[in-house]
file protein_27.pdb (PDB, C-alpha atoms)
ATOM      1  CA  MET F  18      71.674 101.203 105.077
ATOM      2  CA  PRO F  19      73.475 103.470 107.595
ATOM      3  CA  GLN F  20      73.383 107.206 106.915
ATOM      4  CA  ARG F  21      76.576 108.765 105.576
ATOM      5  CA  LEU F  22      78.396 110.868 108.174
ATOM      6  CA  ILE F  23      79.898 113.066 105.456
ATOM      7  CA  PRO F  24      77.587 114.351 102.706
ATOM      8  CA  LEU F  25      78.728 114.193  99.095
ATOM      9  CA  ASP F  26      78.089 117.832  98.221
ATOM     10  CA  ASP F  27      77.568 121.338  99.611
ATOM     11  CA  LEU F  28      79.907 120.838 102.538
ATOM     12  CA  ALA F  29      83.005 122.205 104.226
ATOM     13  CA  ALA F  30      84.879 119.574 106.231
ATOM     14  CA  PRO F  31      88.111 119.846 108.242
ATOM     15  CA  PHE F  32      90.708 117.091 108.123
ATOM     16  CA  GLN F  33      93.968 116.206 109.857
ATOM     17  CA  ILE F  34      96.893 114.194 108.504
ATOM     18  CA  GLU F  35      97.495 111.536 111.146
ATOM     19  CA  ASP F  36     100.418 112.190 113.493
ATOM     20  CA  GLN F  37     101.542 115.139 111.377
ATOM     21  CA  PRO F  38     101.450 118.899 112.118
ATOM     22  CA  VAL F  39      99.338 119.480 109.002
ATOM     23  CA  ARG F  40      95.627 120.217 108.872
ATOM     24  CA  GLY F  41      93.230 121.286 106.178
ATOM     25  CA  ARG F  42      89.683 121.762 104.919
ATOM     26  CA  LEU F  43      87.826 120.422 101.929
ATOM     27  CA  VAL F  44      84.889 122.146 100.220
ATOM     28  CA  ARG F  45      82.503 120.591  97.710
ATOM     29  CA  LEU F  46      79.746 122.719  96.149
ATOM     30  CA  GLY F  47      76.964 121.366  93.951
ATOM     31  CA  ALA F  48      73.428 122.753  94.029
ATOM     32  CA  ALA F  49      74.505 125.730  96.154
ATOM     33  CA  VAL F  50      76.999 127.128  93.660
ATOM     34  CA  ASP F  51      74.795 126.246  90.692
ATOM     35  CA  GLU F  52      72.003 128.356  92.194
ATOM     36  CA  ILE F  53      74.347 131.308  92.785
ATOM     37  CA  LEU F  54      75.839 131.233  89.281
ATOM     38  CA  THR F  55      72.670 130.585  87.287
ATOM     39  CA  ARG F  56      70.763 133.454  88.911
ATOM     40  CA  HIS F  57      72.727 135.838  86.696
ATOM     41  CA  ASP F  58      73.557 133.739  83.614
ATOM     42  CA  TYR F  59      77.197 134.835  83.790
ATOM     43  CA  PRO F  60      79.591 134.236  80.872
ATOM     44  CA  ALA F  61      81.743 131.173  81.545
ATOM     45  CA  PRO F  62      84.939 133.045  82.597
ATOM     46  CA  VAL F  63      82.963 135.212  85.050
ATOM     47  CA  ALA F  64      81.048 132.220  86.423
ATOM     48  CA  ASN F  65      84.334 130.394  86.900
ATOM     49  CA  LEU F  66      85.814 133.315  88.850
ATOM     50  CA  LEU F  67      82.749 133.678  91.076
ATOM     51  CA  GLY F  68      82.586 129.924  91.662
ATOM     52  CA  GLU F  69      86.199 129.959  92.861
ATOM     53  CA  THR F  70      85.425 132.924  95.122
ATOM     54  CA  CYS F  71      82.497 131.069  96.688
ATOM     55  CA  ALA F  72      84.604 127.956  97.287
ATOM     56  CA  LEU F  73      87.369 130.068  98.827
ATOM     57  CA  ALA F  74      84.936 131.913 101.113
ATOM     58  CA  ALA F  75      83.623 128.597 102.406
ATOM     59  CA  LEU F  76      87.134 127.146 102.813
ATOM     60  CA  VAL F  77      88.311 130.037 104.977
ATOM     61  CA  GLY F  78      84.996 130.921 106.609
ATOM     62  CA  ALA F  79      84.392 127.403 107.881
ATOM     63  CA  SER F  80      87.328 127.878 110.275
ATOM     64  CA  LEU F  81      85.665 130.748 112.162
ATOM     65  CA  LYS F  82      85.067 129.944 115.837
ATOM     66  CA  PHE F  83      82.381 132.578 116.382
ATOM     67  CA  GLU F  84      79.118 133.713 114.818
ATOM     68  CA  GLY F  85      79.775 136.111 111.989
ATOM     69  CA  ARG F  86      80.656 136.459 108.326
ATOM     70  CA  LEU F  87      83.674 136.115 106.100
ATOM     71  CA  ILE F  88      83.679 138.218 102.954
ATOM     72  CA  VAL F  89      86.119 137.443 100.132
ATOM     73  CA  GLN F  90      86.357 140.068  97.423
ATOM     74  CA  ALA F  91      88.645 141.275  94.677
ATOM     75  CA  GLN F  92      88.431 144.472  92.677
ATOM     76  CA  GLY F  93      90.509 145.897  89.885
ATOM     77  CA  ASP F  94      90.611 147.811  86.621
ATOM     78  CA  GLY F  95      90.038 144.800  84.366
ATOM     79  CA  PRO F  96      86.920 143.530  82.553
ATOM     80  CA  VAL F  97      85.679 142.189  85.915
ATOM     81  CA  SER F  98      85.700 145.197  88.205
ATOM     82  CA  TYR F  99      84.420 143.420  91.296
ATOM     83  CA  VAL F 100      83.787 139.893  92.578
ATOM     84  CA  VAL F 101      82.549 139.044  96.060
ATOM     85  CA  ALA F 102      81.421 135.993  98.023
ATOM     86  CA  ASP F 103      79.846 136.248 101.449
ATOM     87  CA  TYR F 104      79.861 133.284 103.887
ATOM     88  CA  ASP F 105      78.193 133.231 107.288
ATOM     89  CA  THR F 106      78.825 130.743 110.053
ATOM     90  CA  GLU F 107      75.434 129.087 109.528
ATOM     91  CA  GLY F 108      76.832 127.857 106.214
ATOM     92  CA  SER F 109      75.042 130.333 103.956
ATOM     93  CA  LEU F 110      76.756 131.545 100.779
ATOM     94  CA  ARG F 111      76.000 134.290  98.306
ATOM     95  CA  GLY F 112      78.028 136.125  95.697
ATOM     96  CA  TYR F 113      78.051 138.226  92.548
ATOM     97  CA  CYS F 114      80.286 139.867  89.935
ATOM     98  CA  ARG F 115      80.317 143.185  88.131
ATOM     99  CA  PHE F 116      81.831 143.029  84.659
ATOM    100  CA  ASP F 117      82.041 144.825  81.338
ATOM    101  CA  GLY F 118      80.682 142.513  78.653
ATOM    102  CA  GLU F 119      82.441 144.240  75.758
ATOM    103  CA  ARG F 120      85.847 144.180  77.440
ATOM    104  CA  LEU F 121      85.319 140.568  78.433
ATOM    105  CA  ALA F 122      84.371 139.549  74.896
ATOM    106  CA  ALA F 123      87.546 141.195  73.592
ATOM    107  CA  LEU F 124      89.613 138.888  75.812
ATOM    108  CA  GLU F 125      88.155 135.584  74.709
ATOM    109  CA  PRO F 126      89.470 135.419  71.122
ATOM    110  CA  GLU F 127      92.955 136.210  72.423
ATOM    111  CA  SER F 128      92.853 133.535  75.103
ATOM    112  CA  GLY F 129      91.458 130.768  72.920
ATOM    113  CA  PHE F 130      89.863 129.030  75.920
ATOM    114  CA  LYS F 131      87.381 129.737  78.680
ATOM    115  CA  ALA F 132      89.706 129.527  81.674
ATOM    116  CA  ILE F 133      90.877 133.121  81.623
ATOM    117  CA  GLY F 134      92.965 133.793  84.727
ATOM    118  CA  ALA F 135      92.017 135.945  87.683
ATOM    119  CA  GLN F 136      94.593 138.663  87.056
ATOM    120  CA  THR F 137      93.622 138.926  83.385
ATOM    121  CA  LEU F 138      89.969 139.305  84.358
ATOM    122  CA  LEU F 139      90.484 141.652  87.294
ATOM    123  CA  GLY F 140      93.516 143.620  86.139
ATOM    124  CA  ALA F 141      95.526 145.650  88.632
ATOM    125  CA  GLY F 142      93.771 145.716  91.960
ATOM    126  CA  VAL F 143      93.444 144.217  95.422
ATOM    127  CA  PHE F 144      92.334 140.974  97.042
ATOM    128  CA  ILE F 145      90.498 141.455 100.351
ATOM    129  CA  MET F 146      89.301 139.203 103.148
ATOM    130  CA  THR F 147      87.010 140.707 105.774
ATOM    131  CA  ILE F 148      85.852 139.154 109.051
ATOM    132  CA  ASP F 149      82.630 140.654 110.404
ATOM    133  CA  GLN F 150      81.505 139.621 113.902
ATOM    134  CA  GLY F 151      78.453 141.875 113.937
ATOM    135  CA  ALA F 152      77.372 145.467 114.428
ATOM    136  CA  ASP F 153      78.969 145.875 117.862
ATOM    137  CA  THR F 154      82.465 144.816 116.805
ATOM    138  CA  GLU F 155      85.112 146.269 114.541
ATOM    139  CA  ARG F 156      85.675 144.490 111.240
ATOM    140  CA  TYR F 157      89.043 142.879 110.613
ATOM    141  CA  GLN F 158      90.254 143.286 107.038
ATOM    142  CA  GLY F 159      93.358 142.048 105.254
ATOM    143  CA  VAL F 160      94.353 143.436 101.856
ATOM    144  CA  THR F 161      96.949 142.147  99.395
ATOM    145  CA  PRO F 162      97.622 142.946  95.712
ATOM    146  CA  ILE F 163      96.117 140.724  93.032
ATOM    147  CA  GLU F 164      99.014 138.600  91.853
ATOM    148  CA  GLY F 165      99.044 135.535  89.632
ATOM    149  CA  GLU F 166      96.286 134.051  87.527
ATOM    150  CA  THR F 167      94.436 132.193  90.298
ATOM    151  CA  LEU F 168      92.504 133.273  93.358
ATOM    152  CA  ALA F 169      94.180 130.368  95.118
ATOM    153  CA  PHE F 170      97.543 132.104  94.744
ATOM    154  CA  CYS F 171      96.036 135.375  96.020
ATOM    155  CA  ALA F 172      94.768 133.510  99.089
ATOM    156  CA  GLU F 173      98.156 131.910  99.717
ATOM    157  CA  ARG F 174      99.809 135.328  99.606
ATOM    158  CA  TYR F 175      97.142 136.686 101.955
ATOM    159  CA  PHE F 176      97.870 134.014 104.576
ATOM    160  CA  ALA F 177     101.622 134.466 104.194
ATOM    161  CA  GLN F 178     101.459 138.251 104.628
ATOM    162  CA  SER F 179      98.490 138.775 106.953
ATOM    163  CA  GLU F 180      98.639 135.715 109.208
ATOM    164  CA  GLN F 181     102.159 134.349 108.679
ATOM    165  CA  THR F 182     100.644 130.874 108.283
ATOM    166  CA  PRO F 183     102.141 128.590 105.599
ATOM    167  CA  THR F 184      99.080 127.748 103.491
ATOM    168  CA  ARG F 185      98.334 126.019 100.204
ATOM    169  CA  VAL F 186      95.043 126.416  98.341
ATOM    170  CA  ARG F 187      93.583 124.727  95.264
ATOM    171  CA  LEU F 188      90.257 125.770  93.692
ATOM    172  CA  ALA F 189      88.275 124.389  90.779
ATOM    173  CA  VAL F 190      84.999 125.059  88.959
ATOM    174  CA  GLY F 191      83.296 122.964  86.287
ATOM    175  CA  GLN F 192      80.015 121.939  84.713
ATOM    176  CA  PHE F 193      78.517 118.446  84.681
ATOM    177  CA  ASP F 194      75.337 117.219  83.010
ATOM    178  CA  ASP F 195      73.179 115.278  85.445
ATOM    179  CA  GLY F 196      70.669 114.318  82.775
ATOM    180  CA  THR F 197      68.640 117.499  83.131
ATOM    181  CA  GLY F 198      71.259 119.813  81.659
ATOM    182  CA  PRO F 199      74.671 121.179  82.687
ATOM    183  CA  LYS F 200      75.039 122.128  86.352
ATOM    184  CA  TRP F 201      77.832 124.171  87.913
ATOM    185  CA  ARG F 202      80.074 122.629  90.552
ATOM    186  CA  ALA F 203      82.983 124.007  92.570
ATOM    187  CA  GLY F 204      85.523 122.589  94.958
ATOM    188  CA  GLY F 205      88.506 123.603  96.997
ATOM    189  CA  ILE F 206      91.105 122.261  99.369
ATOM    190  CA  LEU F 207      93.224 124.180 101.866
ATOM    191  CA  LEU F 208      96.308 122.858 103.628
ATOM    192  CA  GLN F 209      98.095 124.561 106.535
ATOM    193  CA  ASN F 210     101.241 123.920 108.516
ATOM    194  CA  ILE F 211     100.741 124.001 112.289
ATOM    195  CA  ALA F 212     103.421 126.104 113.952
ATOM    196  CA  GLU F 213     106.330 124.425 115.685
ATOM    197  CA  ASP F 214     106.356 124.226 119.485
ATOM    198  CA  ASP F 215     108.053 122.185 122.213
ATOM    199  CA  SER F 216     105.637 119.271 121.877
ATOM    200  CA  ARG F 217     105.597 119.092 118.061
ATOM    201  CA  GLY F 218     109.231 119.885 117.459
ATOM    202  CA  GLU F 219     110.445 120.625 113.946
ATOM    203  CA  THR F 220     107.620 120.584 111.355
ATOM    204  CA  ALA F 221     109.378 121.578 108.120
ATOM    205  CA  GLU F 222     109.872 118.046 106.748
ATOM    206  CA  ALA F 223     106.238 117.051 107.327
ATOM    207  CA  TRP F 224     105.113 120.257 105.614
ATOM    208  CA  ARG F 225     107.348 119.614 102.586
ATOM    209  CA  GLU F 226     105.958 116.099 102.220
ATOM    210  CA  ALA F 227     102.345 117.271 102.562
ATOM    211  CA  GLN F 228     102.891 119.938  99.904
ATOM    212  CA  PHE F 229     104.397 117.383  97.524
ATOM    213  CA  LEU F 230     101.273 115.231  97.829
ATOM    214  CA  PHE F 231      99.025 118.291  97.596
ATOM    215  CA  GLU F 232     100.523 119.123  94.191
ATOM    216  CA  THR F 233      99.252 115.814  92.801
ATOM    217  CA  ILE F 234      95.564 116.700  93.131
ATOM    218  CA  GLY F 235      93.796 117.468  89.859
ATOM    219  CA  GLU F 236      91.205 120.190  89.472
ATOM    220  CA  ASP F 237      88.860 117.618  87.949
ATOM    221  CA  GLU F 238      89.021 115.612  91.184
ATOM    222  CA  LEU F 239      87.813 118.588  93.220
ATOM    223  CA  VAL F 240      84.600 118.870  91.195
ATOM    224  CA  ASP F 241      83.986 115.219  90.223
ATOM    225  CA  PRO F 242      80.449 114.385  91.473
ATOM    226  CA  THR F 243      81.279 110.656  91.597
ATOM    227  CA  LEU F 244      84.265 111.113  93.906
ATOM    228  CA  THR F 245      83.423 111.126  97.628
ATOM    229  CA  PRO F 246      85.320 113.434 100.020
ATOM    230  CA  GLU F 247      86.749 110.383 101.785
ATOM    231  CA  THR F 248      88.064 108.900  98.524
ATOM    232  CA  LEU F 249      89.604 112.195  97.457
ATOM    233  CA  LEU F 250      91.533 112.585 100.702
ATOM    234  CA  TYR F 251      92.523 108.915 100.713
ATOM    235  CA  ARG F 252      94.043 109.325  97.259
ATOM    236  CA  LEU F 253      96.178 112.152  98.562
ATOM    237  CA  PHE F 254      97.238 111.025 102.012
ATOM    238  CA  HIS F 255      96.606 107.262 102.317
ATOM    239  CA  GLU F 256     100.222 106.488 103.185
ATOM    240  CA  GLN F 257     100.232 108.923 106.107
ATOM    241  CA  GLY F 258      96.615 108.369 107.105
ATOM    242  CA  VAL F 259      94.043 111.156 107.172
ATOM    243  CA  ARG F 260      91.064 111.840 109.438
ATOM    244  CA  LEU F 261      88.009 113.638 108.068
ATOM    245  CA  PHE F 262      85.895 115.392 110.684
ATOM    246  CA  THR F 263      82.231 116.432 110.815
ATOM    247  CA  ALA F 264      81.192 118.525 107.829
ATOM    248  CA  GLN F 265      79.489 121.928 107.878
ATOM    249  CA  PRO F 266      76.562 121.907 105.415
ATOM    250  CA  LEU F 267      76.498 124.759 102.904
ATOM    251  CA  ARG F 268      73.606 126.401 101.084
ATOM    252  CA  ALA F 269      72.883 129.332  98.797
ATOM    253  CA  PHE F 270      71.039 131.978 100.773
ATOM    254  CA  CYS F 271      70.610 135.737 100.364
ATOM    255  CA  ARG F 272      69.927 137.983 103.345
ATOM    256  CA  CYS F 273      68.067 140.627 101.358
ATOM    257  CA  ASN F 274      64.538 141.472 102.559
ATOM    258  CA  GLU F 275      62.021 144.289 102.364
ATOM    259  CA  GLU F 276      63.206 145.848 105.622
ATOM    260  CA  ARG F 277      66.776 146.161 104.330
ATOM    261  CA  ILE F 278      65.571 147.530 101.001
ATOM    262  CA  LEU F 279      63.468 150.193 102.757
ATOM    263  CA  ALA F 280      66.455 151.166 104.903
ATOM    264  CA  VAL F 281      68.578 151.658 101.776
ATOM    265  CA  LEU F 282      65.893 153.770 100.073
ATOM    266  CA  GLN F 283      65.446 155.894 103.204
ATOM    267  CA  SER F 284      69.127 156.813 103.012
ATOM    268  CA  PHE F 285      68.353 158.830  99.855
ATOM    269  CA  GLY F 286      66.771 162.258  99.891
ATOM    270  CA  ALA F 287      63.160 162.784  98.831
ATOM    271  CA  ALA F 288      64.175 164.332  95.492
ATOM    272  CA  GLU F 289      66.432 161.382  94.656
ATOM    273  CA  ARG F 290      63.714 158.893  95.556
ATOM    274  CA  ALA F 291      61.225 160.771  93.358
ATOM    275  CA  GLU F 292      63.549 160.260  90.390
ATOM    276  CA  MET F 293      63.582 156.509  91.069
ATOM    277  CA  VAL F 294      59.814 156.144  90.637
ATOM    278  CA  GLU F 295      59.035 154.288  87.399
ATOM    279  CA  ALA F 296      56.032 154.410  85.078
ATOM    280  CA  ASP F 297      53.955 152.064  87.227
ATOM    281  CA  GLY F 298      54.308 154.431  90.207
ATOM    282  CA  ALA F 299      56.710 152.211  92.146
ATOM    283  CA  ILE F 300      60.440 152.054  92.859
ATOM    284  CA  HIS F 301      62.036 148.827  91.594
ATOM    285  CA  VAL F 302      65.125 147.569  93.432
ATOM    286  CA  THR F 303      67.057 144.505  92.253
ATOM    287  CA  CYS F 304      69.280 142.647  94.723
ATOM    288  CA  GLU F 305      72.739 142.314  93.199
ATOM    289  CA  TYR F 306      73.275 138.953  94.890
ATOM    290  CA  CYS F 307      70.110 136.980  94.143
ATOM    291  CA  SER F 308      68.458 139.098  91.398
ATOM    292  CA  ARG F 309      65.188 139.317  93.341
ATOM    293  CA  VAL F 310      63.255 142.435  92.340
ATOM    294  CA  TYR F 311      61.507 144.440  95.081
ATOM    295  CA  LYS F 312      58.622 146.685  94.060
ATOM    296  CA  VAL F 313      58.254 149.469  96.629
ATOM    297  CA  GLY F 314      55.566 152.147  96.716
ATOM    298  CA  PRO F 315      56.931 155.637  97.474
ATOM    299  CA  GLU F 316      54.522 155.940 100.414
ATOM    300  CA  ALA F 317      56.159 152.929 102.086
ATOM    301  CA  VAL F 318      59.512 154.702 102.230
ATOM    302  CA  GLY F 319      58.135 157.680 104.108
TER     303      GLY F 319
END
call {"tool": "encode", "arguments": {"input": "protein_27.pdb", "output": "structure tokens"}}
result
Amino acid sequence: MPQRLIPLDDLAAPFQIEDQPVRGRLVRLGAAVDEILTRHDYPAPVANLLGETCALAALVGASLKFEGRLIVQAQGDGPVSYVVADYDTEGSLRGYCRFDGERLAALEPESGFKAIGAQTLLGAGVFIMTIDQGADTERYQGVTPIEGETLAFCAERYFAQSEQTPTRVRLAVGQFDDGTGPKWRAGGILLQNIAEDDSRGETAEAWREAQFLFETIGEDELVDPTLTPETLLYRLFHEQGVRLFTAQPLRAFCRCNEERILAVLQSFGAAERAEMVEADGAIHVTCEYCSRVYKVGPEAVG
């Protein structure tokens, strides 16, 4: 049997509507997002928000034409004070949330369901995308207010304000039982209008039609493990024709290591480090992203 050119899961793949000035990307996350979310045993609304953030980071980051990182984050005064997902151009993803459990629990009886919106969770605050090309370059950062109850809407506003690119985004997170217990999944699709020029001519009508079809996609379709990427796009754009290009594989990966941990500890003064020493004579540092605990002897810090 020939090998599939497009994997079923943990991928970011660009696509083009045939003979139309409309392009997009599709993201499917299975094991990668399940690993990220289960490391912390987040409550369902928090896991949902972080899963969307991871899918969004992969959707946007997969378009980068250089080695580097894309960081998607949102912070506010709500029960979730901070959510971040970090994508690098090798396809590695990581992410985490900070939240107040008591404030979050107070929301759930009022909502009556798990899908509490982004603005309710985050409160008043900002949505930020950061492009990092490495230590020798200046970071590019775009900031917009948190508006609406989805991160997808925040991303659309970001593209409209920061890049003046007409963009539509849909994100979804869900759990499916594969026979060994429930596993998290996430998906996303991004659609963009290519700017008019002399060769393309007027693009408004094609963009209106593409958006109409885009609105028909269901969130369940984005996370359905039985639905291939090709079938999903065919359902949307079969009348126009759609071409799916080579996919970027995605994985959960944290860049924390002992060297980085030592560098962080060395940034504190000797008195502060002395206060960090626990009963066993070591300093314990937990990575916020992957929950790995580093046990460091004071003598190793210097």
call {"tool": "closest_atom_pairs", "arguments": {"input": "protein_27.pdb", "of": "region 20-92 of chain F", "to": "region 189-208 of chain F", "cutoff": "8 Å", "atoms": "only C-alpha atoms", "output": "Markdown table"}}
result
| residue | atom | partner | partner_atom | distance |
| --- | --- | --- | --- | --- |
| F:Val39 | CA | F:Leu208 | CA | 7.0 |
| F:Arg40 | CA | F:Leu208 | CA | 5.9 |
| F:Gly41 | CA | F:Leu208 | CA | 4.3 |
| F:Arg42 | CA | F:Leu207 | CA | 5.3 |
| F:Leu43 | CA | F:Ile206 | CA | 4.5 |
| F:Val44 | CA | F:Gly205 | CA | 5.1 |
| F:Arg45 | CA | F:Gly204 | CA | 4.5 |
| F:Leu46 | CA | F:Ala203 | CA | 5.0 |
| F:Gly47 | CA | F:Arg202 | CA | 4.8 |
| F:Ala48 | CA | F:Arg202 | CA | 7.5 |
| F:Val50 | CA | F:Arg202 | CA | 6.3 |
| F:Asp51 | CA | F:Trp201 | CA | 4.6 |
| F:Leu54 | CA | F:Trp201 | CA | 7.5 |
| F:Asn65 | CA | F:Val190 | CA | 5.8 |
| F:Gly68 | CA | F:Ala203 | CA | 6.0 |
| F:Glu69 | CA | F:Ala189 | CA | 6.3 |
| F:Ala72 | CA | F:Gly205 | CA | 5.9 |
| F:Leu73 | CA | F:Gly205 | CA | 6.8 |
| F:Leu76 | CA | F:Leu207 | CA | 6.8 |
call {"tool": "residues_around", "arguments": {"input": "protein_27.pdb", "residues": "Pro162 (chain F)", "least_positions_apart": "2", "cutoff": "10 Å", "atoms": "only C-alpha atoms", "output": "VMD selection string"}}
result
chain F and resid 91 to 93 141 to 145 160 164 to 165 171 174 to 175
call {"tool": "resolve_selection", "arguments": {"input": "protein_27.pdb", "expression": "the PyMOL selection byres ((chain F and resi 306-309) around 6)", "output": "ChimeraX atom specification"}}
result
/F:112-113,303-305,310
call {"tool": "axis_aligned_box", "arguments": {"input": "protein_27.pdb", "around": "region 109-126 of chain F", "padding_each_side": "3 Å", "output": "JSON"}}
result
{"center_x": 82.3, "center_y": 137.6, "center_z": 87.5, "size_x": 20.6, "size_y": 20.5, "size_z": 38.8}
call {"tool": "resolve_selection", "arguments": {"input": "protein_27.pdb", "expression": "the PyMOL selection byres ((chain F and resi 118-122) around 9)", "output": "PyMOL selection string"}}
result
chain F and resi 60+62-63+95-97+116-117+123-126+138
call {"tool": "atom_distance", "arguments": {"input": "protein_27.pdb", "atom1": "CA of Leu261 (chain F)", "atom2": "CA of Ala30 (chain F)"}}
result
7.0 Å
call {"tool": "atom_distance", "arguments": {"input": "protein_27.pdb", "atom1": "CA of Leu67 (chain F)", "atom2": "CA of Thr233 (chain F)"}}
result
24.4 Å
call {"tool": "atom_distance", "arguments": {"input": "protein_27.pdb", "atom1": "CA of Thr220 (chain F)", "atom2": "CA of Leu87 (chain F)"}}
result
29.0 Å
call {"tool": "closest_residue", "arguments": {"input": "protein_27.pdb", "among": "F:Leu253, F:Leu28, F:Ala227, F:Ala74", "to": "Pro183 (chain F)", "atoms": "all atoms listed in the file"}}
result
F:Ala227
call {"tool": "residues_near_point", "arguments": {"input": "protein_27.pdb", "point": "(84.1, 117.1, 111.6)", "cutoff": "10 Å", "atoms": "only C-alpha atoms", "output": "ChimeraX atom specification"}}
result
/F:22-23,29-32,42,260-265
call {"tool": "resolve_selection", "arguments": {"input": "protein_27.pdb", "expression": "the PyMOL selection byres ((chain F and resi 275) around 12)", "output": "number ranges by chain"}}
result
F: 272-274, 276-282, 301-304, 309-314, 317-318
call {"tool": "closest_residue", "arguments": {"input": "protein_27.pdb", "among": "F:Leu230, F:Tyr157, F:Asp94, F:Leu267", "to": "Ala75 (chain F)", "atoms": "all atoms listed in the file"}}
result
F:Leu267
call {"tool": "residues_near_point", "arguments": {"input": "protein_27.pdb", "point": "(94.5, 112.5, 107.0)", "cutoff": "6 Å", "atoms": "all atoms listed in the file", "output": "PyMOL selection string"}}
result
chain F and resi 33-35+254+258-260
call {"tool": "closest_residue", "arguments": {"input": "protein_27.pdb", "among": "F:Arg86, F:Arg225, F:His57, F:His255", "to": "Thr147 (chain F)", "atoms": "all atoms listed in the file"}}
result
F:Arg86
call {"tool": "closest_residue", "arguments": {"input": "protein_27.pdb", "among": "F:Ala269, F:Glu232, F:Leu66, F:Glu316", "to": "Asp103 (chain F)", "atoms": "only C-alpha atoms"}}
result
F:Ala269
